[in-house]
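Peer 1: Have a look at this one.
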Amino acid sequence: MTSTFSWLDFSENERKKALDVIDLFREQETRDELGIGTVRDAFADLFFPGTSTIQTRAKYFLLIPWIYLDLERLRISSSEVAPRARHEEIKLIDALCESGEGDGVIGIDARSGLKRLPSNIYWLGLRSWGIRLYPGSQDQYHRSLSAFYKGKDQAQRNDDDEPVEGRILRNWHFGLPLPPKGFPKQASLVLTRKEADYLRERIMAHAPGTLLAFLVDLGEHMDGVAFPWEYPQFAQLSSRIREQLDHARNFSEVIHGAQLLYNLMLAQKGQIKNLSDVYQEKMEDWFSQTQALSDAFANWDRRRFWQVVISGGASITPSTQFFIDSWIDIALHSKSVGDVIDNARARALIHDREVALKRGLARLENDRALELWGGEAGSAQLTYRWQVTQRIVADILAGLSQDEQDA
């Protein structure tokens, strides 16, 4: 049974990653044009387990279980639960908007046309934080409900007609706070003290020792922090987290040059001079930054770097490791930005990597694909879901600062 559940989680994880990629393309966010996403996601999962790039607010970790628990209470059948749940999630958008919410409301523009529901976006995170007990995918959960109701009816009971302890069937954590009065017709994205306490407890229990756990336990409110390694309380973090952040920063800083060179090569191939000038200037800024960090790079234990990446659950292919190691060697041994930009080996490395990943759709080979380029493709520096996490943590910290009476 355990191995089956592991397979289910793995399958759902791969499906979620594929959907996230699609959403990133729709939203024109940072894209993985050079196949470095496995390393990026490994660090993100080490720092912020349960999060994803398209989550918005912490309250959804409660809103979704509340919706499903209500459907379970009504004993909505397996054949009916998916459309019914969708209906409730669409209604939730209206309820949130009517309460004055706007920032972070998923589907606020699409409304009934919403294709990726909040429940799907948060499904893996709910499991990661120990809020969802059912081990399978969302579709499998839907299909299991009719049998779940039957199993509850047949559960062994004591003389007081109460379920025998240890035999109570649950799909959701028993400690979930109760929904507020009026839910789901009335809803808010603001966390009460009790709700924030619960989410913090779930994170501390299921992601102990992570940067996320530190942020919700000992962290202070933060504004305008661009990268996790610039976090003001960096010195208070454990040595393990500081080491992870050091490796993550080195990788983010160095690989950013490859992302910029890729876009520069596209601009040059398309003979778009203004964009060529923009990326030339960005490459110069990038190289100056790497020079300023030369001491850190000189002491960078690259073998340890790969060990940390693998500890984050990444499955690194030989071609990915070759591409990254080759780029790092070029970037850190060049004397000037021109040595990077005009380096035939660096350009061949970028070209060959895109072709290997996209084959006939590679922009550096396919003129039609190049025509569809919007002038920017995955050029943003890696932050490992830091922006998303800051918003979620800010919600929890704001809730923790509330008086107990609001719960």
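Convention: chains lettered A, B, ... in structure tokens order; per-chain residue numbering from 1; ligands numbered from 1 as shown.
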At a cut-off of 12 Å, using only C-alpha atoms, what residues contact Asp70 in chain A? Leave out same-chain residues fewer than 4 positions from it and give the result as a PyMOL selection string.
Peer 2: chain A and resi 63-66+74-76+81+84-85+88+172+178-179+183-184
Peer 1: With N, CA and C atoms retained, write the just-selected residues as a JSON list (two decimals), in the first residue's frame.
Peer 2:
[["chain", "number", "residue", "atom", "x", "y", "z"],
["A", 63, "LEU", "N", -9.34, 27.48, 2.94],
["A", 63, "LEU", "CA", -10.57, 27.60, 2.16],
["A", 63, "LEU", "C", -10.89, 26.31, 1.40],
["A", 64, "ILE", "N", -9.87, 25.68, 0.84],
["A", 64, "ILE", "CA", -10.09, 24.47, 0.05],
["A", 64, "ILE", "C", -10.56, 23.30, 0.91],
["A", 65, "PRO", "N", -9.88, 22.99, 2.04],
["A", 65, "PRO", "CA", -10.41, 21.92, 2.90],
["A", 65, "PRO", "C", -11.81, 22.21, 3.40],
["A", 66, "TRP", "N", -12.12, 23.47, 3.72],
["A", 66, "TRP", "CA", -13.46, 23.80, 4.19],
["A", 66, "TRP", "C", -14.51, 23.48, 3.13],
["A", 74, "LEU", "N", -22.24, 16.77, 3.22],
["A", 74, "LEU", "CA", -23.46, 16.60, 2.43],
["A", 74, "LEU", "C", -23.49, 15.28, 1.68],
["A", 75, "ARG", "N", -22.37, 14.54, 1.77],
["A", 75, "ARG", "CA", -22.23, 13.25, 1.11],
["A", 75, "ARG", "C", -22.46, 13.36, -0.40],
["A", 76, "ILE", "N", -21.82, 14.33, -0.99],
["A", 76, "ILE", "CA", -21.87, 14.46, -2.45],
["A", 76, "ILE", "C", -21.12, 13.28, -3.05],
["A", 81, "VAL", "N", -19.08, 15.11, -7.34],
["A", 81, "VAL", "CA", -18.28, 16.01, -6.51],
["A", 81, "VAL", "C", -17.42, 16.97, -7.33],
["A", 84, "ARG", "N", -19.51, 19.86, -8.61],
["A", 84, "ARG", "CA", -20.01, 20.59, -7.45],
["A", 84, "ARG", "C", -18.88, 21.39, -6.78],
["A", 85, "ALA", "N", -17.72, 20.80, -6.67],
["A", 85, "ALA", "CA", -16.58, 21.50, -6.08],
["A", 85, "ALA", "C", -16.18, 22.69, -6.94],
["A", 88, "GLU", "N", -18.53, 25.50, -6.31],
["A", 88, "GLU", "CA", -18.28, 26.16, -5.03],
["A", 88, "GLU", "C", -17.04, 27.04, -5.11],
["A", 172, "TRP", "N", -9.01, 14.72, 5.85],
["A", 172, "TRP", "CA", -8.43, 16.01, 6.22],
["A", 172, "TRP", "C", -8.02, 16.01, 7.68],
["A", 178, "LEU", "N", -12.48, 25.57, 12.49],
["A", 178, "LEU", "CA", -13.79, 25.61, 11.87],
["A", 178, "LEU", "C", -13.90, 26.83, 10.96],
["A", 179, "PRO", "N", -14.63, 26.71, 9.86],
["A", 179, "PRO", "CA", -14.82, 27.88, 8.98],
["A", 179, "PRO", "C", -15.62, 28.96, 9.71],
["A", 183, "PHE", "N", -19.61, 31.13, 5.97],
["A", 183, "PHE", "CA", -18.84, 30.50, 4.89],
["A", 183, "PHE", "C", -19.70, 29.42, 4.24],
["A", 184, "PRO", "N", -19.70, 29.28, 2.91],
["A", 184, "PRO", "CA", -18.81, 29.93, 1.94],
["A", 184, "PRO", "C", -19.38, 31.21, 1.30]]
Peer 1: At a cut-off of 8 Å, using only C-alpha atoms, what residues contact Tyr384 in chain A? Leave out same-chain residues fewer than 4 positions from it and give the result as a list in words.
Peer 2: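 Within the cut-off, the hits are Arg40, Asp41, Phe43 and Ala44 of chain A.
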Peer 1: Could you name the residues that touch Gln387 in chain A at 8 Å or less, counting only C-alpha atoms, but leaving out those on the same chain fewer than 4 positions away, as a count of residues only?
Peer 2: 3
Peer 1: Give me, as a ChimeraX atom specification, all polymer residues having an atom no more than 12 Å from Tyr141 in chain A, counting only C-alpha atoms and skipping those fewer than 3 positions away in the same chain.
Peer 2: /A:8,12,68,72,77-79,81-82,119-120,123,132-138,144-148,170-172
Peer 1: Need the shell around Ala346 in chain A: protein/DNA/RNA residues with any atom at most 7 Å away, counting only C-alpha atoms. Skip same-chain ones fewer than 4 positions apart. Format as a PDB file with C-alpha atoms, in the first residue's frame?
Peer 2:
ATOM      1  CA  TRP A 327      28.704  27.273 -18.151  1.00  0.00           C
ATOM      2  CA  ILE A 330      33.261  29.602 -18.681  1.00  0.00           C
ATOM      3  CA  VAL A 340      31.794  35.539 -22.344  1.00  0.00           C
ATOM      4  CA  ILE A 350      23.576  27.747 -25.250  1.00  0.00           C
TER       5      ILE A 350
END
Peer 1: Run DSSP on the backbone and give me the residues of range 87-305 of chain A it puts in alpha helix (DSSP H), as a CSV table (one decimal) with N, CA and C atoms, in the first residue's frame.
Peer 2:
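Once written, part-v5.csv looks like this:
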chain,number,residue,atom,x,y,z
A,87,HIS,N,-18.1,24.4,-8.9
A,87,HIS,CA,-19.2,25.4,-8.7
A,87,HIS,C,-18.9,26.2,-7.4
A,88,GLU,N,-18.5,25.5,-6.3
A,88,GLU,CA,-18.3,26.2,-5.0
A,88,GLU,C,-17.0,27.0,-5.1
A,89,GLU,N,-16.0,26.6,-5.8
A,89,GLU,CA,-14.8,27.4,-5.9
A,89,GLU,C,-15.0,28.7,-6.8
A,90,ILE,N,-15.9,28.6,-7.8
A,90,ILE,CA,-16.2,29.8,-8.6
A,90,ILE,C,-17.0,30.7,-7.7
A,91,LYS,N,-18.0,30.2,-6.9
A,91,LYS,CA,-18.7,31.0,-6.0
A,91,LYS,C,-17.8,31.7,-5.0
A,92,LEU,N,-16.8,31.0,-4.6
A,92,LEU,CA,-15.8,31.6,-3.7
A,92,LEU,C,-15.2,32.9,-4.2
A,93,ILE,N,-14.9,32.9,-5.5
A,93,ILE,CA,-14.3,34.1,-6.1
A,93,ILE,C,-15.3,35.3,-5.9
A,94,ASP,N,-16.5,35.1,-6.1
A,94,ASP,CA,-17.5,36.2,-5.9
A,94,ASP,C,-17.6,36.6,-4.4
A,95,ALA,N,-17.6,35.6,-3.5
A,95,ALA,CA,-17.6,35.9,-2.1
A,95,ALA,C,-16.4,36.7,-1.6
A,96,LEU,N,-15.3,36.4,-2.1
A,96,LEU,CA,-14.0,37.1,-1.8
A,96,LEU,C,-14.1,38.5,-2.3
A,97,CYS,N,-14.5,38.7,-3.5
A,97,CYS,CA,-14.6,40.0,-4.1
A,97,CYS,C,-15.6,40.9,-3.4
A,98,GLU,N,-16.7,40.3,-3.0
A,98,GLU,CA,-17.8,41.0,-2.3
A,98,GLU,C,-17.3,41.5,-0.9
A,118,PRO,N,-8.2,26.8,-7.6
A,118,PRO,CA,-7.3,26.9,-6.5
A,118,PRO,C,-7.0,25.5,-5.8
A,119,SER,N,-8.1,24.7,-5.8
A,119,SER,CA,-7.9,23.4,-5.2
A,119,SER,C,-6.7,22.6,-5.9
A,120,ASN,N,-6.6,22.7,-7.2
A,120,ASN,CA,-5.6,22.0,-7.9
A,120,ASN,C,-4.2,22.7,-7.7
A,121,ILE,N,-4.2,24.0,-7.6
A,121,ILE,CA,-3.0,24.7,-7.4
A,121,ILE,C,-2.4,24.4,-6.0
A,122,TYR,N,-3.2,24.2,-5.0
A,122,TYR,CA,-2.8,24.0,-3.6
A,122,TYR,C,-2.8,22.5,-3.2
A,123,TRP,N,-3.2,21.6,-4.1
A,123,TRP,CA,-3.4,20.2,-3.7
A,123,TRP,C,-2.2,19.6,-3.1
A,124,LEU,N,-1.0,19.7,-3.8
A,124,LEU,CA,0.2,19.1,-3.3
A,124,LEU,C,0.7,19.8,-2.0
A,125,GLY,N,0.5,21.1,-1.9
A,125,GLY,CA,0.9,21.8,-0.7
A,125,GLY,C,0.1,21.4,0.5
A,126,LEU,N,-1.2,21.1,0.3
A,126,LEU,CA,-2.0,20.7,1.4
A,126,LEU,C,-1.5,19.3,2.0
A,127,ARG,N,-1.0,18.5,1.1
A,127,ARG,CA,-0.5,17.2,1.5
A,127,ARG,C,0.9,17.4,2.2
A,128,SER,N,1.7,18.3,1.7
A,128,SER,CA,3.0,18.6,2.2
A,128,SER,C,2.9,19.1,3.6
A,138,GLN,N,-6.1,14.6,-6.9
A,138,GLN,CA,-7.4,15.2,-6.7
A,138,GLN,C,-8.5,14.4,-7.4
A,139,ASP,N,-8.2,13.9,-8.6
A,139,ASP,CA,-9.2,13.1,-9.3
A,139,ASP,C,-9.4,11.8,-8.5
A,140,GLN,N,-8.4,11.2,-8.0
A,140,GLN,CA,-8.5,9.9,-7.2
A,140,GLN,C,-9.3,10.2,-6.0
A,141,TYR,N,-9.1,11.3,-5.3
A,141,TYR,CA,-9.9,11.7,-4.1
A,141,TYR,C,-11.4,11.8,-4.5
A,142,HIS,N,-11.7,12.4,-5.6
A,142,HIS,CA,-13.1,12.5,-6.0
A,142,HIS,C,-13.7,11.2,-6.2
A,143,ARG,N,-13.0,10.3,-6.9
A,143,ARG,CA,-13.5,8.9,-7.2
A,143,ARG,C,-13.6,8.1,-5.9
A,144,SER,N,-12.9,8.4,-4.9
A,144,SER,CA,-12.9,7.6,-3.6
A,144,SER,C,-14.0,8.0,-2.7
A,145,LEU,N,-14.7,9.1,-2.9
A,145,LEU,CA,-15.6,9.6,-1.9
A,145,LEU,C,-16.8,8.7,-1.6
A,146,SER,N,-17.4,8.1,-2.6
A,146,SER,CA,-18.6,7.2,-2.3
A,146,SER,C,-18.2,6.0,-1.5
A,147,ALA,N,-17.0,5.4,-1.8
A,147,ALA,CA,-16.5,4.3,-0.9
A,147,ALA,C,-16.1,4.8,0.5
A,148,PHE,N,-15.6,6.1,0.5
A,148,PHE,CA,-15.3,6.7,1.8
A,148,PHE,C,-16.5,6.8,2.7
A,149,TYR,N,-17.6,7.2,2.2
A,149,TYR,CA,-18.8,7.3,3.0
A,149,TYR,C,-19.3,5.9,3.5
A,150,LYS,N,-19.2,5.0,2.6
A,150,LYS,CA,-19.6,3.6,3.0
A,150,LYS,C,-18.7,3.1,4.1
A,151,GLY,N,-17.4,3.3,3.9
A,151,GLY,CA,-16.5,2.9,5.0
A,151,GLY,C,-16.7,3.5,6.3
A,152,LYS,N,-17.1,4.8,6.3
A,152,LYS,CA,-17.4,5.4,7.6
A,152,LYS,C,-18.7,4.8,8.2
A,153,ASP,N,-19.6,4.5,7.4
A,153,ASP,CA,-20.9,3.8,7.9
A,153,ASP,C,-20.6,2.5,8.5
A,193,ARG,N,-6.2,34.9,14.2
A,193,ARG,CA,-5.0,34.4,15.0
A,193,ARG,C,-5.1,32.9,15.1
A,194,LYS,N,-6.3,32.3,15.3
A,194,LYS,CA,-6.4,30.9,15.4
A,194,LYS,C,-6.0,30.2,14.1
A,195,GLU,N,-6.4,30.7,13.0
A,195,GLU,CA,-6.1,30.1,11.7
A,195,GLU,C,-4.6,30.2,11.4
A,196,ALA,N,-4.0,31.4,11.7
A,196,ALA,CA,-2.5,31.5,11.5
A,196,ALA,C,-1.7,30.6,12.4
A,197,ASP,N,-2.2,30.5,13.6
A,197,ASP,CA,-1.5,29.5,14.6
A,197,ASP,C,-1.5,28.1,14.0
A,198,TYR,N,-2.7,27.8,13.4
A,198,TYR,CA,-2.8,26.4,12.9
A,198,TYR,C,-1.8,26.2,11.7
A,199,LEU,N,-1.8,27.1,10.8
A,199,LEU,CA,-0.9,27.0,9.6
A,199,LEU,C,0.6,27.0,10.1
A,200,ARG,N,0.9,27.8,11.1
A,200,ARG,CA,2.3,27.7,11.6
A,200,ARG,C,2.6,26.4,12.2
A,201,GLU,N,1.6,25.8,12.9
A,201,GLU,CA,1.8,24.5,13.6
A,201,GLU,C,2.0,23.4,12.5
A,202,ARG,N,1.3,23.5,11.4
A,202,ARG,CA,1.4,22.5,10.4
A,202,ARG,C,2.8,22.6,9.7
A,203,ILE,N,3.2,23.8,9.5
A,203,ILE,CA,4.5,24.0,8.8
A,203,ILE,C,5.6,23.5,9.8
A,204,MET,N,5.5,23.9,11.0
A,204,MET,CA,6.6,23.4,12.0
A,204,MET,C,6.6,21.9,12.1
A,205,ALA,N,5.5,21.3,12.0
A,205,ALA,CA,5.4,19.8,12.2
A,205,ALA,C,5.9,19.1,10.9
A,206,HIS,N,5.6,19.6,9.8
A,206,HIS,CA,5.8,18.9,8.5
A,206,HIS,C,7.0,19.5,7.7
A,211,LEU,N,13.8,26.9,5.9
A,211,LEU,CA,13.7,28.4,5.9
A,211,LEU,C,12.2,28.8,6.1
A,212,LEU,N,11.3,28.1,5.5
A,212,LEU,CA,9.9,28.4,5.7
A,212,LEU,C,9.5,28.3,7.2
A,213,ALA,N,9.9,27.3,7.9
A,213,ALA,CA,9.6,27.1,9.3
A,213,ALA,C,10.2,28.3,10.1
A,214,PHE,N,11.4,28.7,9.8
A,214,PHE,CA,12.0,29.8,10.5
A,214,PHE,C,11.2,31.1,10.3
A,215,LEU,N,10.8,31.3,9.1
A,215,LEU,CA,10.0,32.6,8.8
A,215,LEU,C,8.7,32.7,9.5
A,216,VAL,N,8.0,31.6,9.7
A,216,VAL,CA,6.7,31.7,10.3
A,216,VAL,C,6.8,31.5,11.9
A,217,ASP,N,8.0,31.1,12.3
A,217,ASP,CA,8.2,30.9,13.8
A,217,ASP,C,9.0,32.1,14.4
A,239,SER,N,23.1,26.8,10.4
A,239,SER,CA,24.2,26.7,9.5
A,239,SER,C,23.8,25.9,8.2
A,240,ARG,N,22.9,24.9,8.4
A,240,ARG,CA,22.5,24.2,7.2
A,240,ARG,C,21.7,25.0,6.2
A,241,ILE,N,20.8,25.9,6.7
A,241,ILE,CA,20.1,26.8,5.8
A,241,ILE,C,21.0,27.8,5.2
A,242,ARG,N,21.9,28.3,5.9
A,242,ARG,CA,22.9,29.3,5.4
A,242,ARG,C,23.7,28.7,4.3
A,243,GLU,N,24.1,27.4,4.5
A,243,GLU,CA,24.9,26.7,3.5
A,243,GLU,C,24.1,26.6,2.2
A,244,GLN,N,22.8,26.1,2.4
A,244,GLN,CA,21.9,26.0,1.2
A,244,GLN,C,21.7,27.3,0.5
A,245,LEU,N,21.6,28.4,1.2
A,245,LEU,CA,21.4,29.7,0.6
A,245,LEU,C,22.6,30.1,-0.1
A,246,ASP,N,23.8,29.8,0.4
A,246,ASP,CA,25.1,30.2,-0.3
A,246,ASP,C,25.2,29.5,-1.6
A,247,HIS,N,24.9,28.2,-1.6
A,247,HIS,CA,24.9,27.5,-2.9
A,247,HIS,C,23.9,28.0,-3.9
A,248,ALA,N,22.7,28.2,-3.3
A,248,ALA,CA,21.6,28.7,-4.2
A,248,ALA,C,21.9,30.1,-4.8
A,249,ARG,N,22.5,30.9,-4.0
A,249,ARG,CA,22.9,32.3,-4.5
A,249,ARG,C,24.0,32.1,-5.6
A,250,ASN,N,25.0,31.3,-5.3
A,250,ASN,CA,26.1,31.2,-6.3
A,250,ASN,C,25.5,30.7,-7.6
A,251,PHE,N,24.6,29.7,-7.6
A,251,PHE,CA,24.0,29.2,-8.8
A,251,PHE,C,23.2,30.3,-9.5
A,252,SER,N,22.3,30.9,-8.7
A,252,SER,CA,21.5,32.0,-9.3
A,252,SER,C,22.3,33.1,-10.0
A,253,GLU,N,23.4,33.5,-9.3
A,253,GLU,CA,24.2,34.6,-9.9
A,253,GLU,C,24.9,34.2,-11.1
A,254,VAL,N,25.5,33.0,-11.1
A,254,VAL,CA,26.3,32.6,-12.3
A,254,VAL,C,25.4,32.2,-13.5
A,255,ILE,N,24.3,31.4,-13.2
A,255,ILE,CA,23.5,30.9,-14.3
A,255,ILE,C,22.7,32.0,-15.0
A,256,HIS,N,22.5,33.2,-14.2
A,256,HIS,CA,21.8,34.3,-14.8
A,256,HIS,C,22.5,34.8,-16.1
A,257,GLY,N,23.8,34.6,-16.1
A,257,GLY,CA,24.5,35.0,-17.3
A,257,GLY,C,24.1,34.2,-18.5
A,258,ALA,N,23.9,32.9,-18.3
A,258,ALA,CA,23.5,32.0,-19.4
A,258,ALA,C,22.1,32.5,-19.9
A,259,GLN,N,21.2,32.8,-19.0
A,259,GLN,CA,19.9,33.3,-19.3
A,259,GLN,C,19.9,34.5,-20.2
A,260,LEU,N,20.8,35.4,-19.8
A,260,LEU,CA,20.9,36.7,-20.5
A,260,LEU,C,21.6,36.5,-21.9
A,261,LEU,N,22.6,35.7,-21.9
A,261,LEU,CA,23.3,35.4,-23.2
A,261,LEU,C,22.3,34.8,-24.2
A,262,TYR,N,21.5,33.9,-23.7
A,262,TYR,CA,20.5,33.3,-24.6
A,262,TYR,C,19.6,34.4,-25.2
A,263,ASN,N,19.1,35.3,-24.4
A,263,ASN,CA,18.2,36.3,-25.0
A,263,ASN,C,19.0,37.3,-25.9
A,264,LEU,N,20.3,37.5,-25.5
A,264,LEU,CA,21.1,38.4,-26.4
A,264,LEU,C,21.3,37.7,-27.8
A,265,MET,N,21.5,36.4,-27.8
A,265,MET,CA,21.7,35.7,-29.0
A,265,MET,C,20.4,35.7,-29.9
A,266,LEU,N,19.2,35.6,-29.2
A,266,LEU,CA,18.0,35.7,-29.9
A,266,LEU,C,17.8,37.1,-30.5
A,267,ALA,N,18.2,38.2,-29.8
A,267,ALA,CA,18.0,39.5,-30.3
A,267,ALA,C,19.0,39.7,-31.5
A,268,GLN,N,20.2,39.2,-31.4
A,268,GLN,CA,21.2,39.3,-32.5
A,268,GLN,C,20.7,38.6,-33.7
A,269,LYS,N,20.2,37.4,-33.5
A,269,LYS,CA,19.7,36.5,-34.6
A,269,LYS,C,18.6,37.2,-35.3
A,273,LYS,N,18.2,45.6,-32.9
A,273,LYS,CA,19.3,46.3,-32.3
A,273,LYS,C,19.0,46.8,-30.9
A,274,ASN,N,17.8,47.4,-30.7
A,274,ASN,CA,17.6,47.9,-29.4
A,274,ASN,C,17.6,46.9,-28.3
A,275,LEU,N,17.1,45.7,-28.6
A,275,LEU,CA,17.1,44.6,-27.6
A,275,LEU,C,18.5,44.1,-27.5
A,276,SER,N,19.3,44.0,-28.5
A,276,SER,CA,20.7,43.6,-28.4
A,276,SER,C,21.4,44.5,-27.5
A,277,ASP,N,21.2,45.8,-27.6
A,277,ASP,CA,21.8,46.8,-26.7
A,277,ASP,C,21.4,46.6,-25.2
A,278,VAL,N,20.1,46.3,-25.0
A,278,VAL,CA,19.6,46.1,-23.7
A,278,VAL,C,20.2,44.9,-23.0
A,279,TYR,N,20.3,43.8,-23.8
A,279,TYR,CA,20.9,42.6,-23.2
A,279,TYR,C,22.4,42.7,-23.1
A,280,GLN,N,23.0,43.4,-24.0
A,280,GLN,CA,24.5,43.7,-23.8
A,280,GLN,C,24.7,44.4,-22.5
A,281,GLU,N,23.9,45.4,-22.2
A,281,GLU,CA,24.1,46.1,-21.0
A,281,GLU,C,23.8,45.3,-19.7
A,282,LYS,N,22.8,44.4,-19.8
A,282,LYS,CA,22.5,43.5,-18.7
A,282,LYS,C,23.6,42.5,-18.5
A,283,MET,N,24.2,42.1,-19.6
A,283,MET,CA,25.4,41.2,-19.4
A,283,MET,C,26.5,41.9,-18.7
A,284,GLU,N,26.7,43.1,-19.0
A,284,GLU,CA,27.8,43.9,-18.4
A,284,GLU,C,27.5,44.0,-16.9
A,285,ASP,N,26.3,44.3,-16.5
A,285,ASP,CA,25.9,44.4,-15.1
A,285,ASP,C,26.1,43.0,-14.4
A,286,TRP,N,25.7,42.0,-15.1
A,286,TRP,CA,25.8,40.6,-14.6
A,286,TRP,C,27.3,40.3,-14.3
A,287,PHE,N,28.2,40.6,-15.3
A,287,PHE,CA,29.6,40.3,-15.1
A,287,PHE,C,30.2,41.1,-13.9
A,288,SER,N,29.8,42.3,-13.8
A,288,SER,CA,30.3,43.2,-12.7
A,288,SER,C,29.9,42.5,-11.4
A,289,GLN,N,28.7,42.0,-11.3
A,289,GLN,CA,28.2,41.4,-10.1
A,289,GLN,C,29.0,40.1,-9.8
A,290,THR,N,29.3,39.3,-10.8
A,290,THR,CA,30.1,38.1,-10.5
A,290,THR,C,31.5,38.5,-10.1
A,291,GLN,N,32.0,39.5,-10.6
A,291,GLN,CA,33.4,40.0,-10.2
A,291,GLN,C,33.3,40.4,-8.7
A,292,ALA,N,32.3,41.1,-8.3
A,292,ALA,CA,32.1,41.5,-6.9
A,292,ALA,C,32.0,40.4,-6.0
A,294,SER,N,33.7,37.5,-6.4
A,294,SER,CA,34.7,36.6,-6.8
A,294,SER,C,35.2,35.7,-5.6
A,295,ASP,N,35.3,36.3,-4.4
A,295,ASP,CA,35.8,35.5,-3.2
A,295,ASP,C,34.9,34.3,-2.9
A,296,ALA,N,33.5,34.6,-3.0
A,296,ALA,CA,32.6,33.5,-2.8
A,296,ALA,C,32.7,32.4,-3.8
A,297,PHE,N,32.9,32.8,-5.1
A,297,PHE,CA,33.0,31.8,-6.1
A,297,PHE,C,34.3,31.0,-6.0
A,298,ALA,N,35.4,31.7,-5.5
A,298,ALA,CA,36.7,31.1,-5.4
A,298,ALA,C,36.6,29.9,-4.3
A,302,ARG,N,31.9,23.0,-5.5
A,302,ARG,CA,30.9,22.6,-6.5
A,302,ARG,C,30.5,21.2,-6.3
A,303,ARG,N,31.4,20.3,-5.8
A,303,ARG,CA,30.9,19.0,-5.5
A,303,ARG,C,29.9,19.0,-4.4
A,304,ARG,N,30.1,19.8,-3.4
A,304,ARG,CA,29.1,19.9,-2.3
A,304,ARG,C,27.8,20.5,-2.9
A,305,PHE,N,27.9,21.4,-3.8
A,305,PHE,CA,26.7,22.0,-4.4
A,305,PHE,C,25.8,21.0,-5.0
Peer 1: Counting only C-alpha atoms, which residues of range 270-342 of chain A fall within 12 Å of range 360-373 of chain A, and what is the closest atom pair for each with its distance in Å at one decimal, ordered by chain and rising number, as a Markdown table?
Peer 2:
| residue | atom | partner | partner_atom | distance |
| --- | --- | --- | --- | --- |
| A:Gly270 | CA | A:Leu370 | CA | 7.2 |
| A:Gln271 | CA | A:Leu370 | CA | 11.0 |
| A:Ile272 | CA | A:Glu371 | CA | 11.1 |
| A:Leu275 | CA | A:Trp373 | CA | 11.8 |
Peer 1: Now that the selection is made, can you save its residues with C-alpha atoms as an mmCIF file, in the first residue's frame?
Peer 2:
data_model
loop_
_atom_site.group_PDB
_atom_site.id
_atom_site.type_symbol
_atom_site.label_atom_id
_atom_site.label_comp_id
_atom_site.auth_asym_id
_atom_site.auth_seq_id
_atom_site.Cartn_x
_atom_site.Cartn_y
_atom_site.Cartn_z
ATOM 1 C CA GLY A 270 16.551 38.570 -35.089
ATOM 2 C CA GLN A 271 18.635 41.693 -35.789
ATOM 3 C CA ILE A 272 16.736 43.664 -33.153
ATOM 4 C CA LEU A 275 17.096 44.598 -27.614
#
